[in-house]
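What follows is the content of query_35.cif, which has mmCIF, C-alpha atoms:
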data_protein
#
loop_
_atom_site.group_PDB
_atom_site.id
_atom_site.type_symbol
_atom_site.label_atom_id
_atom_site.label_comp_id
_atom_site.auth_asym_id
_atom_site.auth_seq_id
_atom_site.Cartn_x
_atom_site.Cartn_y
_atom_site.Cartn_z
ATOM 1 C CA MET J 228 -35.327 -15.033 -10.891
ATOM 2 C CA ASP J 229 -36.108 -15.015 -7.163
ATOM 3 C CA ARG J 230 -32.432 -15.741 -6.643
ATOM 4 C CA VAL J 231 -31.545 -12.241 -7.793
ATOM 5 C CA TYR J 232 -33.616 -10.823 -4.965
ATOM 6 C CA ASP J 233 -31.969 -13.264 -2.533
ATOM 7 C CA ILE J 234 -28.528 -12.043 -3.550
ATOM 8 C CA TYR J 235 -29.688 -8.433 -3.298
ATOM 9 C CA LYS J 236 -31.149 -8.986 0.189
ATOM 10 C CA LYS J 237 -28.010 -10.722 1.319
ATOM 11 C CA LEU J 238 -25.801 -7.813 0.173
ATOM 12 C CA GLU J 239 -28.211 -5.368 1.807
ATOM 13 C CA GLU J 240 -28.154 -7.233 5.133
ATOM 14 C CA GLU J 241 -24.379 -7.270 5.101
ATOM 15 C CA ASN J 242 -24.255 -3.511 4.367
ATOM 16 C CA VAL J 243 -22.194 -4.120 1.253
ATOM 17 C CA LEU J 244 -21.061 -0.937 -0.510
ATOM 18 C CA LEU J 245 -19.254 -2.702 -3.297
ATOM 19 C CA SER J 246 -18.603 -6.273 -4.288
ATOM 20 C CA PHE J 247 -16.741 -7.926 -7.087
ATOM 21 C CA LYS J 248 -16.059 -11.474 -8.158
ATOM 22 C CA GLY J 249 -13.657 -12.230 -10.969
ATOM 23 C CA MET J 250 -10.087 -11.718 -12.045
ATOM 24 C CA VAL J 251 -8.303 -8.772 -10.467
ATOM 25 C CA THR J 252 -6.472 -6.787 -13.144
ATOM 26 C CA SER J 253 -4.513 -3.560 -12.860
ATOM 27 C CA GLU J 254 -7.337 -1.607 -14.556
ATOM 28 C CA LEU J 255 -9.949 -3.111 -12.249
ATOM 29 C CA LEU J 256 -7.856 -2.129 -9.263
ATOM 30 C CA THR J 257 -7.752 1.503 -10.422
ATOM 31 C CA THR J 258 -11.507 1.524 -11.018
ATOM 32 C CA ILE J 259 -12.406 0.022 -7.631
ATOM 33 C CA LEU J 260 -10.189 2.558 -5.871
ATOM 34 C CA GLN J 261 -11.834 5.414 -7.778
ATOM 35 C CA ILE J 262 -15.330 4.157 -6.941
ATOM 36 C CA MET J 263 -14.483 3.759 -3.250
ATOM 37 C CA GLU J 264 -12.910 7.199 -3.078
ATOM 38 C CA SER J 265 -16.003 8.857 -4.494
ATOM 39 C CA LYS J 266 -18.318 6.753 -2.296
ATOM 40 C CA MET J 267 -16.431 7.796 0.825
ATOM 41 C CA GLU J 268 -16.438 11.391 -0.383
ATOM 42 C CA HIS J 269 -20.199 11.137 -0.761
ATOM 43 C CA LEU J 270 -20.560 9.582 2.709
ATOM 44 C CA GLU J 271 -18.513 12.508 4.062
ATOM 45 C CA GLU J 272 -16.111 10.231 5.892
ATOM 46 C CA LYS J 273 -13.441 11.730 8.111
ATOM 47 C CA PRO J 274 -10.123 12.073 6.230
ATOM 48 C CA LYS J 275 -8.485 9.717 8.716
ATOM 49 C CA ILE J 276 -10.979 6.903 8.020
ATOM 50 C CA LYS J 277 -10.879 7.533 4.265
ATOM 51 C CA LYS J 278 -7.115 7.173 4.270
ATOM 52 C CA LYS J 279 -7.132 4.000 6.365
ATOM 53 C CA VAL J 280 -9.791 2.336 4.216
ATOM 54 C CA PHE J 281 -8.018 3.395 1.023
ATOM 55 C CA ASN J 282 -4.620 2.174 2.208
ATOM 56 C CA ILE J 283 -5.896 -1.193 3.416
ATOM 57 C CA LEU J 284 -7.951 -1.613 0.259
ATOM 58 C CA VAL J 285 -4.850 -0.995 -1.886
ATOM 59 C CA GLU J 286 -2.920 -3.704 -0.026
ATOM 60 C CA CYS J 287 -5.823 -6.195 -0.130
ATOM 61 C CA LEU J 288 -6.362 -5.644 -3.856
ATOM 62 C CA GLN J 289 -2.678 -5.877 -4.631
ATOM 63 C CA ASN J 290 -2.464 -9.119 -2.654
ATOM 64 C CA LEU J 291 -5.190 -10.512 -4.902
ATOM 65 C CA TYR J 292 -3.509 -9.062 -7.997
ATOM 66 C CA HIS J 293 -0.044 -10.446 -7.255
ATOM 67 C CA HIS J 294 -1.497 -13.745 -6.202
ATOM 68 C CA ILE J 295 -2.555 -14.515 -9.768
ATOM 69 C CA ASP J 296 0.423 -12.700 -11.293
ATOM 70 C CA GLN J 297 2.730 -15.658 -10.702
ATOM 71 C CA ASP J 298 4.809 -17.752 -13.036
ATOM 72 C CA ASP J 299 2.924 -20.912 -12.221
ATOM 73 C CA VAL J 300 -0.375 -19.220 -12.856
ATOM 74 C CA VAL J 301 -0.731 -20.915 -16.269
ATOM 75 C CA HIS J 302 -1.261 -24.194 -14.454
ATOM 76 C CA ILE J 303 -4.152 -22.841 -12.448
ATOM 77 C CA PRO J 304 -7.625 -23.404 -13.904
ATOM 78 C CA THR J 305 -9.270 -20.125 -14.973
ATOM 79 C CA GLU J 306 -11.973 -20.449 -12.340
ATOM 80 C CA GLU J 307 -9.327 -20.536 -9.632
ATOM 81 C CA LYS J 308 -7.807 -17.219 -10.784
ATOM 82 C CA SER J 309 -11.027 -15.558 -9.819
ATOM 83 C CA ALA J 310 -11.260 -13.769 -6.492
ATOM 84 C CA LEU J 311 -13.887 -12.129 -4.323
ATOM 85 C CA LEU J 312 -13.828 -8.640 -2.854
ATOM 86 C CA MET J 313 -16.482 -7.083 -0.627
ATOM 87 C CA ILE J 314 -16.474 -3.737 1.091
ATOM 88 C CA ALA J 315 -19.128 -3.246 3.738
ATOM 89 C CA LYS J 316 -19.932 -0.376 6.041
ATOM 90 C CA SER J 317 -21.867 -0.837 9.254
ATOM 91 C CA PRO J 318 -22.458 1.973 11.769
ATOM 92 C CA GLN J 319 -19.428 0.767 13.758
ATOM 93 C CA ASN J 320 -16.876 -0.001 11.098
ATOM 94 C CA TYR J 321 -15.777 -0.654 7.575
ATOM 95 C CA GLN J 322 -15.026 -4.236 6.660
ATOM 96 C CA ILE J 323 -12.966 -5.352 3.682
ATOM 97 C CA THR J 324 -13.351 -9.036 2.862
ATOM 98 C CA THR J 325 -11.384 -10.948 0.263
ATOM 99 C CA GLY J 326 -11.467 -14.546 -0.895
ATOM 100 C CA ASN J 327 -9.151 -16.369 -3.244
ATOM 101 C CA TYR J 328 -7.936 -19.819 -4.157
ATOM 102 C CA MET J 329 -4.420 -20.784 -3.207
ATOM 103 C CA LYS J 330 -2.156 -23.817 -3.301
ATOM 104 C CA SER J 331 -2.752 -25.942 -0.200
ATOM 105 C CA THR J 332 1.016 -26.325 0.183
ATOM 106 C CA ASP J 333 1.283 -22.553 0.845
ATOM 107 C CA VAL J 334 -1.344 -22.524 3.599
ATOM 108 C CA GLY J 335 1.097 -23.268 6.442
ATOM 109 C CA ASP J 336 3.313 -20.249 5.702
ATOM 110 C CA LEU J 337 0.422 -17.841 5.320
ATOM 111 C CA ARG J 338 -1.296 -19.108 8.458
ATOM 112 C CA SER J 339 1.901 -18.640 10.515
ATOM 113 C CA LYS J 340 2.337 -15.138 9.161
ATOM 114 C CA LEU J 341 -1.253 -14.178 10.029
ATOM 115 C CA GLU J 342 -1.012 -15.722 13.495
ATOM 116 C CA LEU J 343 2.271 -13.898 14.059
ATOM 117 C CA VAL J 344 0.861 -10.442 13.228
ATOM 118 C CA ASN J 345 -2.347 -11.152 15.156
ATOM 119 C CA GLY J 346 -0.266 -11.904 18.250
ATOM 120 C CA MET J 347 1.498 -8.548 18.095
ATOM 121 C CA ASP J 348 0.501 -5.294 19.751
ATOM 122 C CA ARG J 349 0.883 -1.878 18.112
ATOM 123 C CA ALA J 350 4.498 -1.364 19.151
ATOM 124 C CA GLU J 351 5.517 -4.880 18.121
ATOM 125 C CA LEU J 352 3.894 -4.452 14.714
ATOM 126 C CA LYS J 353 5.756 -1.178 14.215
ATOM 127 C CA ALA J 354 9.076 -2.826 15.111
ATOM 128 C CA TYR J 355 8.371 -5.846 12.916
ATOM 129 C CA TYR J 356 7.378 -3.644 9.973
ATOM 130 C CA LYS J 357 10.646 -1.697 10.275
ATOM 131 C CA LYS J 358 12.650 -4.907 10.497
ATOM 132 C CA VAL J 359 11.089 -6.427 7.361
ATOM 133 C CA LEU J 360 11.296 -3.083 5.540
ATOM 134 C CA ASN J 361 14.985 -2.761 6.292
ATOM 135 C CA GLU J 362 16.100 -6.383 6.026
ATOM 136 C CA GLY J 363 13.580 -7.950 3.663
ATOM 137 C CA LYS J 364 14.285 -8.575 0.004
ATOM 138 C CA MET J 365 11.958 -7.359 -2.674
ATOM 139 C CA SER J 366 10.599 -9.917 -5.120
ATOM 140 C CA PRO J 367 10.907 -9.239 -8.873
ATOM 141 C CA LYS J 368 7.146 -8.655 -8.828
ATOM 142 C CA GLY J 369 7.776 -5.719 -6.530
ATOM 143 C CA THR J 370 6.251 -7.231 -3.407
ATOM 144 C CA ALA J 371 8.069 -6.592 -0.179
ATOM 145 C CA GLY J 372 6.409 -9.061 2.233
ATOM 146 C CA LEU J 373 4.994 -6.105 4.147
ATOM 147 C CA GLY J 374 1.352 -6.271 3.034
ATOM 148 C CA MET J 375 -0.195 -8.205 5.944
ATOM 149 C CA ILE J 376 1.914 -6.372 8.523
ATOM 150 C CA ASP J 377 0.787 -3.034 7.117
ATOM 151 C CA ILE J 378 -2.861 -4.135 6.977
ATOM 152 C CA ALA J 379 -2.744 -5.302 10.619
ATOM 153 C CA ARG J 380 -0.982 -2.124 11.679
ATOM 154 C CA LYS J 381 -3.401 0.255 9.989
ATOM 155 C CA SER J 382 -6.520 -1.705 10.942
ATOM 156 C CA GLY J 383 -5.511 -1.881 14.593
ATOM 157 C CA GLN J 384 -7.671 -4.998 15.007
ATOM 158 C CA PRO J 385 -6.997 -8.725 14.640
ATOM 159 C CA LEU J 386 -7.308 -10.051 11.101
ATOM 160 C CA GLU J 387 -10.021 -12.657 10.694
ATOM 161 C CA PHE J 388 -9.204 -15.476 8.328
ATOM 162 C CA SER J 389 -10.084 -18.995 7.339
ATOM 163 C CA PHE J 390 -8.750 -21.689 5.042
ATOM 164 C CA MET J 391 -11.230 -24.019 3.395
ATOM 165 C CA PRO J 392 -9.805 -26.970 1.439
ATOM 166 C CA VAL J 393 -11.684 -27.411 -1.850
ATOM 167 C CA ASN J 394 -9.762 -30.436 -3.145
ATOM 168 C CA ASP J 395 -6.442 -32.167 -2.452
ATOM 169 C CA LYS J 396 -4.399 -29.336 -4.045
ATOM 170 C CA THR J 397 -6.430 -26.183 -3.610
ATOM 171 C CA THR J 398 -7.654 -24.163 -0.635
ATOM 172 C CA PHE J 399 -9.975 -21.174 -0.502
ATOM 173 C CA PHE J 400 -8.530 -18.416 1.656
ATOM 174 C CA SER J 401 -10.806 -15.790 3.218
ATOM 175 C CA LEU J 402 -9.647 -12.649 4.961
ATOM 176 C CA ALA J 403 -11.689 -9.980 6.739
ATOM 177 C CA VAL J 404 -10.183 -6.678 7.844
ATOM 178 C CA LYS J 405 -12.086 -4.243 10.065
ATOM 179 C CA ILE J 406 -11.476 -0.522 10.238
ATOM 180 C CA ALA J 407 -13.198 1.094 13.199
ATOM 181 C CA GLU J 408 -14.952 4.447 12.790
ATOM 182 C CA MET K 79 22.457 16.640 -16.684
ATOM 183 C CA GLU K 80 18.742 17.251 -17.020
ATOM 184 C CA ASN K 81 15.970 17.653 -14.506
ATOM 185 C CA LEU K 82 13.632 14.705 -14.060
ATOM 186 C CA THR K 83 9.982 15.687 -14.290
ATOM 187 C CA LEU K 84 7.129 13.170 -14.307
ATOM 188 C CA GLU K 85 3.483 14.087 -14.075
ATOM 189 C CA GLY K 86 1.504 12.197 -11.432
ATOM 190 C CA SER K 87 -1.139 9.598 -12.294
ATOM 191 C CA ALA K 88 -3.827 7.685 -10.371
ATOM 192 C CA LYS K 89 -1.126 5.339 -9.074
ATOM 193 C CA THR K 90 2.149 7.251 -9.350
ATOM 194 C CA PRO K 91 3.429 10.470 -7.797
ATOM 195 C CA THR K 92 4.533 13.693 -9.448
ATOM 196 C CA VAL K 93 8.308 13.721 -9.594
ATOM 197 C CA ARG K 94 10.338 16.915 -9.772
ATOM 198 C CA PHE K 95 14.044 16.293 -9.413
ATOM 199 C CA ASP K 96 15.786 19.597 -10.008
ATOM 200 C CA CYS K 97 19.558 19.323 -10.367
ATOM 201 C CA GLU K 98 20.087 23.098 -10.693
ATOM 202 C CA ASN K 99 18.590 23.842 -7.286
ATOM 203 C CA GLY K 100 19.283 20.488 -5.634
ATOM 204 C CA VAL K 101 15.601 19.967 -4.821
ATOM 205 C CA LEU K 102 14.046 16.497 -5.170
ATOM 206 C CA GLU K 103 10.279 16.345 -4.768
ATOM 207 C CA LEU K 104 7.871 13.397 -4.692
ATOM 208 C CA LYS K 105 4.238 14.413 -4.420
ATOM 209 C CA GLY K 106 0.871 12.664 -4.519
ATOM 210 C CA ARG K 107 0.251 8.934 -4.387
ATOM 211 C CA SER K 108 2.566 6.041 -4.969
ATOM 212 C CA ILE K 109 0.538 2.852 -5.283
ATOM 213 C CA PRO K 110 1.722 1.072 -8.451
ATOM 214 C CA GLU K 111 1.461 -2.752 -8.504
ATOM 215 C CA ASN K 112 5.129 -2.991 -9.345
ATOM 216 C CA SER K 113 7.015 -0.060 -7.936
ATOM 217 C CA ILE K 114 10.481 -1.248 -9.047
ATOM 218 C CA GLU K 115 9.645 -0.275 -12.626
ATOM 219 C CA PHE K 116 8.544 3.188 -11.568
ATOM 220 C CA TYR K 117 11.428 3.929 -9.193
ATOM 221 C CA LYS K 118 14.281 2.681 -11.403
ATOM 222 C CA PRO K 119 14.628 5.961 -13.409
ATOM 223 C CA LEU K 120 14.583 7.899 -10.114
ATOM 224 C CA ASN K 121 17.457 5.797 -8.746
ATOM 225 C CA ASP K 122 19.369 6.253 -11.997
ATOM 226 C CA TRP K 123 18.865 10.017 -11.884
ATOM 227 C CA ILE K 124 20.216 10.190 -8.306
ATOM 228 C CA ASP K 125 23.259 8.097 -9.336
ATOM 229 C CA ASN K 126 23.880 10.676 -12.029
ATOM 230 C CA TYR K 127 23.302 13.612 -9.690
ATOM 231 C CA ALA K 128 25.792 12.090 -7.230
ATOM 232 C CA SER K 129 28.668 12.868 -9.609
ATOM 233 C CA SER K 130 28.125 16.643 -9.329
ATOM 234 C CA PRO K 131 25.612 17.482 -6.606
ATOM 235 C CA LYS K 132 24.741 20.946 -5.251
ATOM 236 C CA PRO K 133 26.274 21.764 -1.828
ATOM 237 C CA ASN K 134 22.778 21.406 -0.347
ATOM 238 C CA THR K 135 20.204 18.823 -1.408
ATOM 239 C CA VAL K 136 16.642 19.120 -0.179
ATOM 240 C CA VAL K 137 14.295 16.150 -0.456
ATOM 241 C CA ASP K 138 10.597 16.993 -0.199
ATOM 242 C CA ILE K 139 8.359 13.975 0.344
ATOM 243 C CA LYS K 140 4.733 15.033 0.039
ATOM 244 C CA LEU K 141 2.894 11.736 -0.231
ATOM 245 C CA GLU K 142 -0.775 11.287 0.380
ATOM 246 C CA TYR K 143 -0.675 7.486 0.035
ATOM 247 C CA PHE K 144 1.961 4.889 -0.628
ATOM 248 C CA ASN K 145 1.713 1.113 -0.771
ATOM 249 C CA THR K 146 4.092 -1.429 0.760
ATOM 250 C CA SER K 147 5.669 -2.098 -2.630
ATOM 251 C CA SER K 148 6.644 1.592 -2.816
ATOM 252 C CA SER K 149 7.773 1.707 0.803
ATOM 253 C CA LYS K 150 10.727 -0.531 -0.009
ATOM 254 C CA CYS K 151 11.643 1.580 -3.072
ATOM 255 C CA ILE K 152 11.408 4.775 -1.031
ATOM 256 C CA LEU K 153 13.762 3.227 1.540
ATOM 257 C CA ASP K 154 16.243 2.370 -1.235
ATOM 258 C CA LEU K 155 15.997 5.946 -2.468
ATOM 259 C CA PHE K 156 16.792 7.249 1.014
ATOM 260 C CA LYS K 157 19.739 4.821 1.250
ATOM 261 C CA GLN K 158 21.112 6.264 -1.984
ATOM 262 C CA LEU K 159 20.747 9.767 -0.549
ATOM 263 C CA GLU K 160 22.376 8.656 2.697
ATOM 264 C CA ASN K 161 25.496 7.693 0.727
ATOM 265 C CA LEU K 162 25.343 10.986 -1.125
ATOM 266 C CA ASN K 163 25.282 12.831 2.181
ATOM 267 C CA SER K 164 28.709 11.630 3.183
ATOM 268 C CA GLY K 165 30.163 13.179 0.016
ATOM 269 C CA ASP K 166 29.942 16.621 -1.556
ATOM 270 C CA THR K 167 26.465 17.584 -0.497
ATOM 271 C CA GLU K 168 24.447 17.989 2.655
ATOM 272 C CA VAL K 169 21.115 16.179 2.327
ATOM 273 C CA LYS K 170 18.020 17.174 4.265
ATOM 274 C CA VAL K 171 14.635 15.464 4.149
ATOM 275 C CA ASN K 172 11.315 17.249 4.627
ATOM 276 C CA TRP K 173 8.561 14.715 5.351
ATOM 277 C CA TYR K 174 5.122 16.246 4.831
ATOM 278 C CA PHE K 175 1.933 14.763 6.239
ATOM 279 C CA GLU K 176 -1.648 15.962 6.473
ATOM 280 C CA GLU K 177 -3.256 16.958 9.780
ATOM 281 C CA ASP K 178 -4.446 13.900 11.745
ATOM 282 C CA ASP K 179 -2.731 11.499 9.356
ATOM 283 C CA GLU K 180 -0.949 9.553 12.072
ATOM 284 C CA ASP K 181 -0.170 6.677 9.722
ATOM 285 C CA MET K 182 1.790 8.950 7.380
ATOM 286 C CA GLU K 183 3.499 10.667 10.317
ATOM 287 C CA GLU K 184 4.510 7.276 11.703
ATOM 288 C CA ALA K 185 5.749 6.172 8.284
ATOM 289 C CA GLY K 186 8.080 9.179 8.300
ATOM 290 C CA GLU K 187 9.288 8.268 11.776
ATOM 291 C CA ASP K 188 9.964 4.698 10.622
ATOM 292 C CA TYR K 189 12.288 5.972 7.882
ATOM 293 C CA GLN K 190 13.855 8.444 10.252
ATOM 294 C CA ALA K 191 14.740 5.565 12.589
ATOM 295 C CA ILE K 192 16.366 3.535 9.806
ATOM 296 C CA ILE K 193 18.045 6.261 7.757
ATOM 297 C CA ASN K 194 20.899 8.417 8.924
ATOM 298 C CA LEU K 195 19.700 11.715 7.437
ATOM 299 C CA PRO K 196 18.154 14.763 9.129
ATOM 300 C CA PHE K 197 14.355 14.519 8.839
ATOM 301 C CA LYS K 198 11.998 17.403 9.410
ATOM 302 C CA MET K 199 8.377 16.395 9.992
ATOM 303 C CA ILE K 200 6.029 18.995 8.550
ATOM 304 C CA GLU K 201 2.299 18.914 9.242
ATOM 305 C CA VAL K 202 0.162 20.632 6.609
ATOM 306 C CA GLU K 203 -3.574 21.046 6.125
ATOM 307 C CA GLU K 204 -3.558 19.491 2.686
ATOM 308 C CA ILE K 205 -0.858 17.963 0.537
#
Could you spell out this file's structure in structure tokens?
Amino acid sequence: MDRVYDIYKKLEEENVLLSFKGMVTSELLTTILQIMESKMEHLEEKPKIKKKVFNILVECLQNLYHHIDQDDVVHIPTEEKSALLMIAKSPQNYQITTGNYMKSTDVGDLRSKLELVNGMDRAELKAYYKKVLNEGKMSPKGTAGLGMIDIARKSGQPLEFSFMPVNDKTTFFSLAVKIAE
Amino acid sequence: MENLTLEGSAKTPTVRFDCENGVLELKGRSIPENSIEFYKPLNDWIDNYASSPKPNTVVDIKLEYFNTSSSKCILDLFKQLENLNSGDTEVKVNWYFEEDDEDMEEAGEDYQAIINLPFKMIEVEEI
């Protein structure tokens, strides 16, 4: 039972407001957003910060949601449909962290996309967002390929990420987004 | 034709498309996982409206939040209205944003840069 205390201490040290591990469903998404809205209300956050956190959280959660909402998802073991979400608040910033399994063959594309947006300044991100918005095609799932660009744009800070191979086919992808106070 | 009225939910905006007065309003939050489903009836309504529009069409966008999935659908909606504008009606867009909400103000400017319609940016205390 000491492990429970260890987990508690760890979450405390990391200033975690909310954490979740499991499958991200549409209902869960709604609930997490409601909880975070009332938490931020309670913390009397500035409207500007509340909006940024909410917006980025929506995109992060919907990335996780759409990630498992794929045709080939039936071939993925149940454990690998599970994802991690953590929202932490330190005196300096909010941090939204996500973790999910992905196909190792998709790592290259995602890494290039993240490196591309991280290399852009504010004006470049704005131009790139407009270009993808105007020229990009929408997938049948309703994703527009704008998620990471929008997250980078609203966060205003580089996205931290890592890819950890778990076996020859699967990689665990972690993403951390900071929103400065 | 009939007006299109949809009550808002936790993830979808209130829709009031009024064909008698030529006023199309979207208000609240638009963050559905799949926005295509939600926006399809709105596109269909505008197609219908295009056959006998009012001389003036006013589009009031009063969004508090929208996700990137919706942003593409909103662009498509504006493109539909852009086509409408060259016909029997003059279309004007009012883009509302809350004080200090630079992200929403910028989002309006992004559309303004892409879409050939007159945009009016309106800052309000609360949407």
Open item on the list: With all atoms listed in the file as the counted atoms, please give the residues lying no more than 12 Å from Glu272 in chain J, apart from itself and same-chain residues fewer than 3 positions off, as a list in words.
Closed with: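 Contacts, with the query itself left out: Met263, Glu264, Ser265, Lys266, Met267, Glu268, His269, Lys275, Ile276, Lys277, Lys278, Lys279, Val280, Phe281, Lys316, Pro318, Asn320, Tyr321 and Glu408 of chain J.
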If you count all atoms listed in the file, the residue of K:Asn121, K:Phe116, K:Pro110, K:Gln158 closest to Phe95 in chain K turns out to be K:Asn121
Around all the atoms of range 145-161 of chain K listed in the file, with 3 Å of room on each side, what axis-aligned box do you get, giving centre and edge lengths in Å to one decimal, as JSON?
{"center_x": 13.6, "center_y": 3.8, "center_z": -0.2, "size_x": 29.8, "size_y": 17.9, "size_z": 11.8}
Please evaluate the PyMOL selection byres ((chain J) within 10 of (chain K)) against the displayed coordinates and give the resulting residues as a PyMOL selection string. chain J and resi 253+256-258+260-261+273-276+278-279+281-283+285-286+288-290+292-293+353-354+356-378+380-381
Could you name the residues that touch Glu240 in chain J at 12 Å or less, counting only C-alpha atoms, but leaving out those on the same chain fewer than 6 positions away, as a list in words?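 Here the answer would be Asp233, Ile234, Ala315, Lys316 and Ser317 of chain J.
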d(CA of Cys97 in chain K, CA of Gly186 in chain K) in Å: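 Spanning CA of Cys97 in chain K to CA of Gly186 in chain K is a straight-line distance of 24.1 Å.
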Find the spatial neighbours of Asn126 in chain K, counting only C-alpha atoms, within a cut-off of 12 Å - ignore same-chain residues fewer than 6 positions away - and output them as a PDB file with C-alpha atoms, in the frame of the given file.
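And here is the file that came out, selection_32.pdb:
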ATOM      1  CA  MET K  79      22.457  16.640 -16.684  1.00  0.00           C
ATOM      2  CA  GLU K  80      18.742  17.251 -17.020  1.00  0.00           C
ATOM      3  CA  ASN K  81      15.970  17.653 -14.506  1.00  0.00           C
ATOM      4  CA  LEU K  82      13.632  14.705 -14.060  1.00  0.00           C
ATOM      5  CA  PHE K  95      14.044  16.293  -9.413  1.00  0.00           C
ATOM      6  CA  CYS K  97      19.558  19.323 -10.367  1.00  0.00           C
ATOM      7  CA  PRO K 119      14.628   5.961 -13.409  1.00  0.00           C
ATOM      8  CA  LEU K 120      14.583   7.899 -10.114  1.00  0.00           C
ATOM      9  CA  GLN K 158      21.112   6.264  -1.984  1.00  0.00           C
ATOM     10  CA  LEU K 159      20.747   9.767  -0.549  1.00  0.00           C
ATOM     11  CA  LEU K 162      25.343  10.986  -1.125  1.00  0.00           C
TER      12      LEU K 162
END
Inset, instruction - Please provide as number ranges by chain all residues within 10 Å of Thr324 in chain J, with the sequence filter that same-chain residues fewer than 6 positions apart are discarded (counting only C-alpha atoms). - result: J: 246, 284, 287, 311-315, 387-388, 401-405
Can you work out the spacing between CA of Thr90 in chain K and CA of Glu254 in chain J in Å, to one decimal?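 Atom-to-atom, CA of Thr90 in chain K and CA of Glu254 in chain J are spaced 14.0 Å apart.
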Practice task
Evaluate the PyMOL selection byres ((chain J and resi 341) around 10) on the structure here and hand back the selected residues as a PyMOL selection string.
Solution key: chain J and resi 336-340+342-346+375-376+379+385-388+402
Can those selected residues be exported to a file as a CSV table (one decimal), keeping the file's coordinate frame so that it contains C-alpha atoms?
chain,number,residue,atom,x,y,z
J,336,ASP,CA,3.3,-20.2,5.7
J,337,LEU,CA,0.4,-17.8,5.3
J,338,ARG,CA,-1.3,-19.1,8.5
J,339,SER,CA,1.9,-18.6,10.5
J,340,LYS,CA,2.3,-15.1,9.2
J,342,GLU,CA,-1.0,-15.7,13.5
J,343,LEU,CA,2.3,-13.9,14.1
J,344,VAL,CA,0.9,-10.4,13.2
J,345,ASN,CA,-2.3,-11.2,15.2
J,346,GLY,CA,-0.3,-11.9,18.2
J,375,MET,CA,-0.2,-8.2,5.9
J,376,ILE,CA,1.9,-6.4,8.5
J,379,ALA,CA,-2.7,-5.3,10.6
J,385,PRO,CA,-7.0,-8.7,14.6
J,386,LEU,CA,-7.3,-10.1,11.1
J,387,GLU,CA,-10.0,-12.7,10.7
J,388,PHE,CA,-9.2,-15.5,8.3
J,402,LEU,CA,-9.6,-12.6,5.0
* Asked: Quick one: which residues end up in the PyMOL selection byres ((chain K and resi 172-175) around 7) for this structure, as JSON, numbers by chain?
  -> {"K": [137, 138, 139, 140, 170, 171, 176, 177, 179, 182, 183, 186, 197, 198, 199, 200, 201, 202]}
- Please provide the set of residues having any atom within 9 Å of Val334 in chain J, restricted to only C-alpha atoms, with same-chain residues fewer than 6 positions apart removed, written as a list in words.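 Contacts, in chain order: Phe390, Thr398 and Phe400 of chain J.
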Original post:
Could you list as a count of residues only every residue that has an atom within 12 Å of (-13.6, -20.4, -14.6), using the file's coordinates and counting only C-alpha atoms?
Top reply: 12
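The coordinates place CA of Ser87 in chain K at 27.9 Å from CA of Glu160 in chain K.
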